[in-house]
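Shown below: coords.cif, with mmCIF, C-alpha atoms.
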data_upload
#
loop_
_atom_site.group_PDB
_atom_site.id
_atom_site.type_symbol
_atom_site.label_atom_id
_atom_site.label_comp_id
_atom_site.auth_asym_id
_atom_site.auth_seq_id
_atom_site.Cartn_x
_atom_site.Cartn_y
_atom_site.Cartn_z
ATOM 1 C CA MET T 1 127.938 116.251 94.361
ATOM 2 C CA ASP T 2 124.436 116.184 95.764
ATOM 3 C CA SER T 3 121.500 115.924 93.373
ATOM 4 C CA MET T 4 118.816 118.479 92.577
ATOM 5 C CA ARG T 5 116.357 116.454 94.594
ATOM 6 C CA ASP T 6 118.760 116.391 97.550
ATOM 7 C CA ARG T 7 118.397 120.179 97.630
ATOM 8 C CA PHE T 8 114.603 120.093 97.556
ATOM 9 C CA ALA T 9 113.748 119.154 101.143
ATOM 10 C CA PRO T 10 116.353 121.413 102.846
ATOM 11 C CA VAL T 11 115.334 124.427 100.749
ATOM 12 C CA VAL T 12 111.607 123.934 101.280
ATOM 13 C CA THR T 13 112.091 123.168 104.992
ATOM 14 C CA LYS T 14 113.871 126.502 105.412
ATOM 15 C CA LEU T 15 111.082 128.273 103.538
ATOM 16 C CA LEU T 16 108.498 126.581 105.782
ATOM 17 C CA ASP T 17 110.340 127.890 108.834
ATOM 18 C CA GLU T 18 110.581 131.405 107.406
ATOM 19 C CA ASP T 19 107.204 131.929 105.739
ATOM 20 C CA PRO T 20 103.875 130.953 107.355
ATOM 21 C CA ARG T 21 102.229 130.899 103.920
ATOM 22 C CA VAL T 22 104.331 127.994 102.650
ATOM 23 C CA ALA T 23 102.874 124.484 102.815
ATOM 24 C CA VAL T 24 104.088 121.142 101.460
ATOM 25 C CA VAL T 25 101.825 118.477 99.985
ATOM 26 C CA LEU T 26 103.228 114.997 99.343
ATOM 27 C CA ALA T 27 101.906 111.706 97.999
ATOM 28 C CA GLU T 28 104.177 109.323 99.915
ATOM 29 C CA VAL T 29 107.134 109.939 97.563
ATOM 30 C CA GLY T 30 109.717 111.969 99.474
ATOM 31 C CA ALA T 31 107.774 111.970 102.740
ATOM 32 C CA ASP T 32 110.752 110.549 104.649
ATOM 33 C CA ARG T 33 112.647 113.756 103.906
ATOM 34 C CA PHE T 34 110.111 115.809 105.884
ATOM 35 C CA THR T 35 109.750 113.709 109.053
ATOM 36 C CA GLU T 36 111.254 116.300 111.381
ATOM 37 C CA THR T 37 109.628 119.191 109.511
ATOM 38 C CA LEU T 38 106.225 117.533 109.983
ATOM 39 C CA ARG T 39 106.751 117.617 113.743
ATOM 40 C CA ARG T 40 107.421 121.359 113.645
ATOM 41 C CA HIS T 41 104.705 122.236 111.137
ATOM 42 C CA PRO T 42 101.983 119.557 111.364
ATOM 43 C CA ASP T 43 99.410 121.936 109.888
ATOM 44 C CA ARG T 44 101.497 122.768 106.813
ATOM 45 C CA VAL T 45 103.132 119.443 105.872
ATOM 46 C CA VAL T 46 100.550 117.017 104.501
ATOM 47 C CA ASN T 47 101.069 113.513 103.101
ATOM 48 C CA VAL T 48 97.913 112.375 101.306
ATOM 49 C CA GLY T 49 99.260 108.896 100.575
ATOM 50 C CA ILE T 50 99.327 107.382 97.104
ATOM 51 C CA ARG T 51 96.469 109.570 95.851
ATOM 52 C CA GLU T 52 97.843 111.851 93.164
ATOM 53 C CA GLN T 53 94.514 113.440 92.201
ATOM 54 C CA LEU T 54 93.967 114.326 95.854
ATOM 55 C CA LEU T 55 97.536 115.622 95.990
ATOM 56 C CA VAL T 56 96.748 118.410 93.536
ATOM 57 C CA GLY T 57 93.195 118.950 94.766
ATOM 58 C CA ALA T 58 94.387 119.409 98.352
ATOM 59 C CA ALA T 59 97.052 121.852 97.197
ATOM 60 C CA ALA T 60 94.423 123.875 95.329
ATOM 61 C CA GLY T 61 92.280 123.982 98.452
ATOM 62 C CA MET T 62 95.230 125.282 100.453
ATOM 63 C CA ALA T 63 95.881 127.921 97.802
ATOM 64 C CA LEU T 64 92.261 129.063 98.062
ATOM 65 C CA THR T 65 92.876 129.771 101.765
ATOM 66 C CA GLY T 66 95.913 131.938 100.971
ATOM 67 C CA LEU T 67 98.695 129.382 101.429
ATOM 68 C CA ARG T 68 101.518 128.839 98.943
ATOM 69 C CA PRO T 69 101.563 125.038 98.429
ATOM 70 C CA VAL T 70 104.647 123.212 97.206
ATOM 71 C CA VAL T 71 103.581 119.889 95.674
ATOM 72 C CA HIS T 72 106.056 117.065 95.118
ATOM 73 C CA THR T 73 106.185 113.594 93.585
ATOM 74 C CA PHE T 74 107.503 111.890 90.449
ATOM 75 C CA ALA T 75 106.761 113.809 87.247
ATOM 76 C CA SER T 76 104.457 111.139 85.842
ATOM 77 C CA PHE T 77 102.356 111.249 89.033
ATOM 78 C CA LEU T 78 102.462 115.031 89.344
ATOM 79 C CA VAL T 79 101.569 116.206 85.831
ATOM 80 C CA GLU T 80 100.185 113.260 83.869
ATOM 81 C CA ARG T 81 98.093 111.230 86.318
ATOM 82 C CA PRO T 82 96.278 114.196 87.967
ATOM 83 C CA PHE T 83 96.185 116.374 84.840
ATOM 84 C CA GLU T 84 92.456 117.070 85.203
ATOM 85 C CA GLN T 85 93.066 118.461 88.690
ATOM 86 C CA VAL T 86 95.995 120.552 87.425
ATOM 87 C CA LYS T 87 93.710 121.935 84.718
ATOM 88 C CA LEU T 88 90.623 122.519 86.837
ATOM 89 C CA ASP T 89 91.530 122.737 90.516
ATOM 90 C CA LEU T 90 94.449 125.072 89.873
ATOM 91 C CA GLY T 91 93.881 126.617 86.427
ATOM 92 C CA HIS T 92 90.105 126.944 86.315
ATOM 93 C CA GLN T 93 89.897 128.166 89.897
ATOM 94 C CA GLY T 94 92.626 130.717 89.253
ATOM 95 C CA VAL T 95 94.956 129.667 92.061
ATOM 96 C CA GLY T 96 98.640 128.891 92.013
ATOM 97 C CA ALA T 97 101.027 126.292 93.368
ATOM 98 C CA VAL T 98 104.602 125.161 92.905
ATOM 99 C CA LEU T 99 104.749 121.691 91.371
ATOM 100 C CA VAL T 100 108.178 120.131 91.917
ATOM 101 C CA SER T 101 108.837 116.864 90.123
ATOM 102 C CA ALA T 102 111.441 114.134 90.323
ATOM 103 C CA ALA T 103 112.426 111.277 87.978
ATOM 104 C CA ALA T 104 112.127 113.492 84.860
ATOM 105 C CA SER T 105 112.057 111.668 81.508
ATOM 106 C CA PHE T 106 113.832 108.454 82.482
ATOM 107 C CA ASP T 107 115.852 108.985 85.673
ATOM 108 C CA TRP T 108 114.743 105.596 87.029
ATOM 109 C CA PRO T 109 114.498 103.222 84.053
ATOM 110 C CA ALA T 110 114.026 100.206 86.326
ATOM 111 C CA GLY T 111 110.727 101.705 87.465
ATOM 112 C CA GLY T 112 109.322 101.218 83.981
ATOM 113 C CA TYR T 113 107.312 103.532 81.764
ATOM 114 C CA THR T 114 104.910 104.445 84.588
ATOM 115 C CA HIS T 115 107.792 106.332 86.199
ATOM 116 C CA MET T 116 108.864 108.177 83.033
ATOM 117 C CA ALA T 117 107.409 111.503 81.900
ATOM 118 C CA PRO T 118 109.048 112.854 78.753
ATOM 119 C CA GLY T 119 105.758 114.552 77.816
ATOM 120 C CA ASP T 120 105.278 116.596 81.005
ATOM 121 C CA VAL T 121 106.306 120.015 79.687
ATOM 122 C CA ALA T 122 104.400 119.485 76.424
ATOM 123 C CA LEU T 123 101.299 118.601 78.445
ATOM 124 C CA LEU T 124 101.565 121.743 80.565
ATOM 125 C CA ASP T 125 101.891 123.689 77.312
ATOM 126 C CA THR T 126 98.207 122.957 76.671
ATOM 127 C CA LEU T 127 97.356 125.128 79.697
ATOM 128 C CA ASP T 128 97.645 128.866 80.157
ATOM 129 C CA GLY T 129 99.930 130.784 82.447
ATOM 130 C CA TRP T 130 102.473 128.213 83.642
ATOM 131 C CA THR T 131 106.078 129.108 84.364
ATOM 132 C CA VAL T 132 108.414 126.150 83.778
ATOM 133 C CA HIS T 133 111.907 125.929 85.269
ATOM 134 C CA VAL T 134 114.318 123.206 84.130
ATOM 135 C CA PRO T 135 117.489 123.598 86.221
ATOM 136 C CA GLY T 136 120.681 122.020 84.975
ATOM 137 C CA HIS T 137 122.547 121.850 88.289
ATOM 138 C CA PRO T 138 121.657 121.554 92.011
ATOM 139 C CA ASP T 139 122.708 125.181 92.643
ATOM 140 C CA GLU T 140 120.285 126.296 89.933
ATOM 141 C CA ALA T 141 117.557 124.092 91.404
ATOM 142 C CA ASP T 142 118.099 125.784 94.768
ATOM 143 C CA ALA T 143 117.776 129.271 93.270
ATOM 144 C CA LEU T 144 114.798 128.438 91.066
ATOM 145 C CA LEU T 145 112.928 126.696 93.896
ATOM 146 C CA ARG T 146 113.257 129.796 96.053
ATOM 147 C CA ARG T 147 112.146 131.996 93.187
ATOM 148 C CA ALA T 148 109.161 129.761 92.443
ATOM 149 C CA VAL T 149 107.887 129.795 96.023
ATOM 150 C CA ALA T 150 108.288 133.567 96.184
ATOM 151 C CA ALA T 151 106.362 134.075 92.936
ATOM 152 C CA GLY T 152 103.152 135.319 94.552
ATOM 153 C CA ASP T 153 100.284 133.087 93.466
ATOM 154 C CA ASP T 154 101.751 132.007 90.129
ATOM 155 C CA LYS T 155 101.508 128.494 88.724
ATOM 156 C CA VAL T 156 105.077 127.180 88.541
ATOM 157 C CA TYR T 157 106.547 123.820 87.536
ATOM 158 C CA VAL T 158 110.104 122.991 88.635
ATOM 159 C CA ARG T 159 111.474 119.927 86.834
ATOM 160 C CA LEU T 160 114.233 118.230 88.834
ATOM 161 C CA SER T 161 116.466 115.555 87.337
ATOM 162 C CA LEU T 162 119.362 113.317 88.300
ATOM 163 C CA GLN T 163 121.049 114.428 85.087
ATOM 164 C CA SER T 164 123.193 117.467 85.801
ATOM 165 C CA ASN T 165 125.835 119.707 84.270
ATOM 166 C CA PRO T 166 129.159 119.758 86.149
ATOM 167 C CA HIS T 167 128.858 123.428 87.031
ATOM 168 C CA GLY T 168 125.902 125.674 87.786
ATOM 169 C CA LEU T 169 125.345 129.052 86.156
ATOM 170 C CA PRO T 170 123.673 132.184 87.533
ATOM 171 C CA VAL T 171 119.968 131.936 86.704
ATOM 172 C CA ASP T 172 117.310 134.626 86.977
ATOM 173 C CA GLY T 173 114.224 132.548 86.215
ATOM 174 C CA GLU T 174 113.440 134.555 83.097
ATOM 175 C CA ARG T 175 116.091 134.924 80.411
ATOM 176 C CA PHE T 176 118.202 132.616 78.280
ATOM 177 C CA ARG T 177 121.942 132.996 78.855
ATOM 178 C CA THR T 178 124.478 133.294 76.028
ATOM 179 C CA VAL T 179 127.223 130.748 76.689
ATOM 180 C CA ARG T 180 129.042 130.811 73.347
ATOM 181 C CA GLU T 181 128.798 133.041 70.264
ATOM 182 C CA GLY T 182 129.096 132.008 66.635
ATOM 183 C CA ARG T 183 127.885 132.840 63.135
ATOM 184 C CA ALA T 184 126.516 129.599 61.687
ATOM 185 C CA GLY T 185 123.422 128.814 63.698
ATOM 186 C CA VAL T 186 121.932 128.885 67.192
ATOM 187 C CA VAL T 187 121.690 125.932 69.551
ATOM 188 C CA VAL T 188 119.417 126.279 72.589
ATOM 189 C CA ALA T 189 120.442 123.876 75.362
ATOM 190 C CA VAL T 190 117.784 123.301 78.015
ATOM 191 C CA GLY T 191 118.778 122.571 81.615
ATOM 192 C CA PRO T 192 120.899 119.422 82.031
ATOM 193 C CA MET T 193 121.564 119.212 78.275
ATOM 194 C CA LEU T 194 124.084 122.083 78.361
ATOM 195 C CA ASP T 195 127.185 119.990 79.045
ATOM 196 C CA ALA T 196 126.440 117.588 76.186
ATOM 197 C CA VAL T 197 125.654 120.495 73.840
ATOM 198 C CA LEU T 198 128.908 122.274 74.654
ATOM 199 C CA ALA T 199 130.853 119.087 73.994
ATOM 200 C CA ALA T 200 128.903 118.456 70.791
ATOM 201 C CA THR T 201 129.499 121.968 69.432
ATOM 202 C CA GLU T 202 133.149 122.308 70.392
ATOM 203 C CA ASN T 203 134.996 124.126 67.566
ATOM 204 C CA LEU T 204 131.739 124.682 65.692
ATOM 205 C CA ASP T 205 130.890 128.279 64.789
ATOM 206 C CA VAL T 206 127.492 128.327 66.486
ATOM 207 C CA THR T 207 125.913 130.393 69.232
ATOM 208 C CA VAL T 208 124.849 128.396 72.282
ATOM 209 C CA LEU T 209 122.030 129.726 74.462
ATOM 210 C CA TYR T 210 121.308 128.190 77.837
ATOM 211 C CA ALA T 211 117.694 127.926 79.013
ATOM 212 C CA SER T 212 116.949 126.982 82.624
ATOM 213 C CA THR T 213 113.500 128.578 82.329
ATOM 214 C CA VAL T 214 111.583 127.543 79.211
ATOM 215 C CA ARG T 215 108.157 129.034 79.889
ATOM 216 C CA PRO T 216 107.690 131.834 79.242
ATOM 217 C CA PHE T 217 109.937 131.228 76.240
ATOM 218 C CA ASP T 218 112.589 133.952 75.883
ATOM 219 C CA ALA T 219 111.775 135.013 72.330
ATOM 220 C CA PRO T 220 113.822 138.265 72.501
ATOM 221 C CA ALA T 221 116.989 136.319 73.371
ATOM 222 C CA LEU T 222 116.483 133.963 70.440
ATOM 223 C CA ARG T 223 115.849 136.874 68.062
ATOM 224 C CA ARG T 224 119.014 138.656 69.216
ATOM 225 C CA ALA T 225 121.074 135.511 68.749
ATOM 226 C CA THR T 226 119.752 134.819 65.254
ATOM 227 C CA ALA T 227 120.445 138.397 64.184
ATOM 228 C CA THR T 228 124.175 137.603 64.155
ATOM 229 C CA ALA T 229 124.293 133.791 63.981
ATOM 230 C CA GLY T 230 121.647 133.193 61.331
ATOM 231 C CA THR T 231 118.219 131.641 61.602
ATOM 232 C CA ASP T 232 119.061 127.938 61.717
ATOM 233 C CA VAL T 233 117.933 126.992 65.243
ATOM 234 C CA VAL T 234 118.439 123.697 67.080
ATOM 235 C CA LEU T 235 116.548 123.071 70.323
ATOM 236 C CA VAL T 236 118.025 120.396 72.600
ATOM 237 C CA GLU T 237 115.547 119.518 75.347
ATOM 238 C CA PRO T 238 115.696 116.760 77.997
ATOM 239 C CA TYR T 239 112.041 115.889 77.415
ATOM 240 C CA LEU T 240 109.837 115.220 74.368
ATOM 241 C CA ALA T 241 111.556 116.256 71.138
ATOM 242 C CA GLY T 242 109.909 119.273 69.546
ATOM 243 C CA THR T 243 108.245 120.565 72.714
ATOM 244 C CA SER T 244 109.502 124.115 72.096
ATOM 245 C CA THR T 245 109.570 124.220 68.304
ATOM 246 C CA ALA T 246 106.275 126.120 68.138
ATOM 247 C CA ALA T 247 107.609 128.734 70.563
ATOM 248 C CA ALA T 248 110.775 129.138 68.491
ATOM 249 C CA ASN T 249 108.752 129.384 65.276
ATOM 250 C CA ASP T 250 106.549 132.060 66.833
ATOM 251 C CA ALA T 251 109.612 134.009 67.936
ATOM 252 C CA LEU T 252 110.927 134.072 64.353
ATOM 253 C CA ALA T 253 107.603 134.238 62.522
ATOM 254 C CA ASP T 254 108.531 137.340 60.522
ATOM 255 C CA VAL T 255 111.847 136.002 59.157
ATOM 256 C CA PRO T 256 112.767 132.937 57.085
ATOM 257 C CA HIS T 257 114.102 130.300 59.467
ATOM 258 C CA ARG T 258 114.527 126.586 60.174
ATOM 259 C CA VAL T 259 114.056 124.836 63.509
ATOM 260 C CA LEU T 260 115.192 121.363 64.540
ATOM 261 C CA GLY T 261 113.824 119.942 67.778
ATOM 262 C CA LEU T 262 115.981 117.315 69.492
ATOM 263 C CA GLY T 263 114.933 115.515 72.646
ATOM 264 C CA VAL T 264 113.328 112.305 73.845
ATOM 265 C CA GLY T 265 111.703 110.360 71.021
ATOM 266 C CA ARG T 266 108.086 109.232 71.029
ATOM 267 C CA ALA T 267 108.879 105.536 70.717
ATOM 268 C CA GLU T 268 108.768 103.706 74.052
ATOM 269 C CA LEU T 269 111.998 101.914 74.934
ATOM 270 C CA ARG T 270 110.825 98.667 76.515
ATOM 271 C CA ARG T 271 114.261 97.337 77.491
ATOM 272 C CA TYR T 272 114.729 99.734 80.335
ATOM 273 C CA GLY T 273 118.486 99.429 80.778
ATOM 274 C CA GLN T 274 120.445 102.218 82.469
ATOM 275 C CA PHE T 275 119.977 105.969 82.381
ATOM 276 C CA GLU T 276 123.009 106.478 80.125
ATOM 277 C CA GLU T 277 121.639 103.935 77.666
ATOM 278 C CA HIS T 278 118.417 105.913 77.366
ATOM 279 C CA VAL T 279 120.382 109.093 76.728
ATOM 280 C CA ALA T 280 122.285 107.388 73.911
ATOM 281 C CA ALA T 281 119.206 105.648 72.497
ATOM 282 C CA HIS T 282 117.444 109.001 72.136
ATOM 283 C CA GLY T 283 120.500 110.558 70.495
ATOM 284 C CA LEU T 284 121.140 112.978 73.347
ATOM 285 C CA ASP T 285 124.770 112.072 74.010
ATOM 286 C CA ALA T 286 127.426 114.509 72.780
ATOM 287 C CA ARG T 287 128.524 112.385 69.832
ATOM 288 C CA SER T 288 125.004 111.894 68.472
ATOM 289 C CA LEU T 289 124.149 115.546 69.031
ATOM 290 C CA ARG T 290 127.208 116.672 67.075
ATOM 291 C CA THR T 291 126.234 114.505 64.120
ATOM 292 C CA ARG T 292 122.669 115.806 64.080
ATOM 293 C CA ILE T 293 123.590 119.449 64.674
ATOM 294 C CA THR T 294 126.291 119.552 61.990
ATOM 295 C CA ALA T 295 124.019 117.827 59.468
ATOM 296 C CA PHE T 296 121.282 120.382 60.092
ATOM 297 C CA THR T 297 123.552 123.420 59.981
ATOM 298 C CA ALA T 298 125.445 122.167 56.896
ATOM 299 C CA GLY T 299 128.630 121.581 58.834
ATOM 300 C CA ALA T 300 128.358 124.614 61.139
ATOM 301 C CA VAL T 301 131.602 126.153 59.841
ATOM 302 C CA THR T 302 134.485 125.448 62.204
ATOM 303 C CA ALA T 303 135.215 128.411 64.463
ATOM 304 C CA GLY T 304 138.305 130.377 63.508
ATOM 305 C CA VAL T 305 138.371 129.184 59.879
#
Taking this structure as input, can you express it in the form of structure tokens?
Amino acid sequence: MDSMRDRFAPVVTKLLDEDPRVAVVLAEVGADRFTETLRRHPDRVVNVGIREQLLVGAAAGMALTGLRPVVHTFASFLVERPFEQVKLDLGHQGVGAVLVSAAASFDWPAGGYTHMAPGDVALLDTLDGWTVHVPGHPDEADALLRRAVAAGDDKVYVRLSLQSNPHGLPVDGERFRTVREGRAGVVVAVGPMLDAVLAATENLDVTVLYASTVRPFDAPALRRATATAGTDVVLVEPYLAGTSTAAANDALADVPHRVLGLGVGRAELRRYGQFEEHVAAHGLDARSLRTRITAFTAGAVTAGV
């Protein structure tokens, strides 16, 4: 199966051919995927080199001229390093762009901590008006990329990862999807965490919601789920643990509730190892998730009992 990032260049190349507003801004990373496209659209495919602040600043300038820039590099270089430009050049100037990241929280452990960005979504949460898509499968990445580019002048972040669920689901870029229904708690699985969550909650009497778009947070879906499953809520996110706990608390502010945020821990893992080892070390494998979910939901009564 191809990866989410494998879908990125073909999708955006097609959009470049179809829509004269679309432009692509790169900072060396991924430039080899646009060699032929650059020949066809030399005025709308720009590689600024290893200059991440310029990457975002140039995209904002394009947006000011009416273009719809798609900006791509590793997450740590796209959100964290040029954060001031994301805040000012895009946000303060009131223009939009589509930021498309790669490497996610720890897709390339050998690259070291400079190439890891578990705090990217939490950082964007400090700014107003961002839509955040976290696809869990290449087919979903394809659909959400197209939706993001077509979203007028909105500010959109599309978080691509090597981690993927085995099957894609229909995604609309807005609502959480109910995957399983139960009566002893609600588990929200974000993007590529769905497969592990389904394995972890097998035979547990919990509702599982799937979120491929996390901002705006689908508060109505969570409220509907808790109306029948109870107000114990577990959020399983592939980035910094607790990133969405405030959003879940706001959604349930008028009812007694508990929220547990599971995700990437704050402690830096300095023995970089393999991707799967990072998943396990952060307790995001199915076995660890089951232990933590059942402990929080007091056993999450077995379905059918």
Identify, on the basis of only C-alpha atoms, every residue whose closest approach to Tyr210 of chain T does not exceed 7 Å; exclude the query and any residue fewer than 6 positions from it along the same chain; express the result as a count of residues only.
-> 8
For atom CA of Glu140 of chain T and atom CA of His167 of chain T, quote the distance in Å rounded to one decimal.
->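 Interatomic distance, atom CA of Glu140 of chain T to atom CA of His167 of chain T: 9.5 Å.
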Using only C-alpha atoms, pick whichever of T:Ala241, T:Ala117, T:Val56, T:Val100 has the shortest atom-to-atom distance to Glu80 of chain T.
-> T:Ala117
Point out the residue among T:Val48, T:Thr245, T:Ser76, T:Arg258 with the least atom-to-atom distance to Tyr113 of chain T, counting only C-alpha atoms.
->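 Looking only at the distances to Tyr113 of chain T, the closest residue turns out to be T:Ser76.
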Nearest to Thr294 of chain T by atom-to-atom distance, counting only C-alpha atoms, from T:Gly185, T:Gly230, T:Pro166, T:Pro109 | T:Gly185
Could you tell me which of T:Leu123, T:Ala97, T:Ala211, T:Ala103 comes closest to Gln163 of chain T if we count all atoms listed in the file?
->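 Closest candidate: T:Ala103.
When all atoms listed in the file are used to compute distances to Glu276 of chain T, the closest of the residues T:Arg81, T:Phe8, T:Lys87, T:Leu162 turns out to be T:Leu162.
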Exercise: Gly283 of chain T partners within 9 Å, only C-alpha atoms, chain neighbours under 5 positions left out, as a PyMOL selection string = chain T and resi 262-265+278+288-289+292
Nearest-residue call for Ala122 of chain T, choices T:Ala247, T:Leu144, T:Ala225, T:Val22, using only C-alpha atoms |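 Closest to Ala122 of chain T, using only C-alpha atoms: T:Ala247.
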Selection: 9 Å around Thr231 of chain T, all atoms listed in the file, excl. self and same-chain fewer than 4 positions, as number ranges by chain | T: 184-186, 223, 225-227, 252, 255-259
Reference answer for the PyMOL selection byres ((chain T and resi 65) around 12), as a list in words |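 So the PyMOL selection byres ((chain T and resi 65) around 12) ends up selecting Arg21, Val22, Ala23, Ala58, Ala59, Ala60, Gly61, Met62, Ala63, Leu64, Gly66, Leu67, Arg68, Pro69, Val95, Gly96 and Asp153 of chain T.
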Any idea what's packed within 8 Å of His72 of chain T, counting only C-alpha atoms, ignoring anything in its chain fewer than 5 positions away? Could you give it as a PyMOL selection string?
-> chain T and resi 24-27+29-30+78+99-102
Determine the residue set returned by the PyMOL selection byres ((chain T and resi 104) around 7) for the present structure, and present it as an mmCIF file with C-alpha atoms, keeping the file's coordinate frame.
data_model
loop_
_atom_site.group_PDB
_atom_site.id
_atom_site.type_symbol
_atom_site.label_atom_id
_atom_site.label_comp_id
_atom_site.auth_asym_id
_atom_site.auth_seq_id
_atom_site.Cartn_x
_atom_site.Cartn_y
_atom_site.Cartn_z
ATOM 1 C CA ALA T 75 106.761 113.809 87.247
ATOM 2 C CA ALA T 102 111.441 114.134 90.323
ATOM 3 C CA ALA T 103 112.426 111.277 87.978
ATOM 4 C CA SER T 105 112.057 111.668 81.508
ATOM 5 C CA PHE T 106 113.832 108.454 82.482
ATOM 6 C CA ASP T 107 115.852 108.985 85.673
ATOM 7 C CA MET T 116 108.864 108.177 83.033
ATOM 8 C CA ALA T 117 107.409 111.503 81.900
ATOM 9 C CA PRO T 118 109.048 112.854 78.753
ATOM 10 C CA ARG T 159 111.474 119.927 86.834
ATOM 11 C CA LEU T 160 114.233 118.230 88.834
ATOM 12 C CA SER T 161 116.466 115.555 87.337
#
Separation of atom CA of Ala196 of chain T from atom CA of Thr297 of chain T in Å = 17.5 Å
So what does the PyMOL selection byres ((chain T and resi 174) around 10) actually pick up in this one, as a list in words?
-> Thr131, Val132, His133, Val171, Asp172, Gly173, Arg175, Phe176, Arg177, Ala211, Ser212, Thr213, Val214, Arg215, Pro216, Phe217 and Asp218 of chain T
Can you tell me how far atom CA of Ala9 of chain T sits from atom CA of Pro170 of chain T, in Å to one decimal?
->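 Here the two named atoms are 21.3 Å from each other.
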Report, as JSON, the centre and edge lengths in Å (one decimal) of the axis-aligned box enclosing every listed atom of segment 162-167 of chain T, padded by 8 Å on each side.
{"center_x": 124.3, "center_y": 118.4, "center_z": 86.3, "size_x": 25.8, "size_y": 26.1, "size_z": 20.0}
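Look at Gln53 of chain T: the protein and nucleic acid residues within 7 Å of it, using all atoms listed in the file and passing over chain neighbours fewer than 4 places away, are Gly57, Pro82 and Gln85 of chain T.
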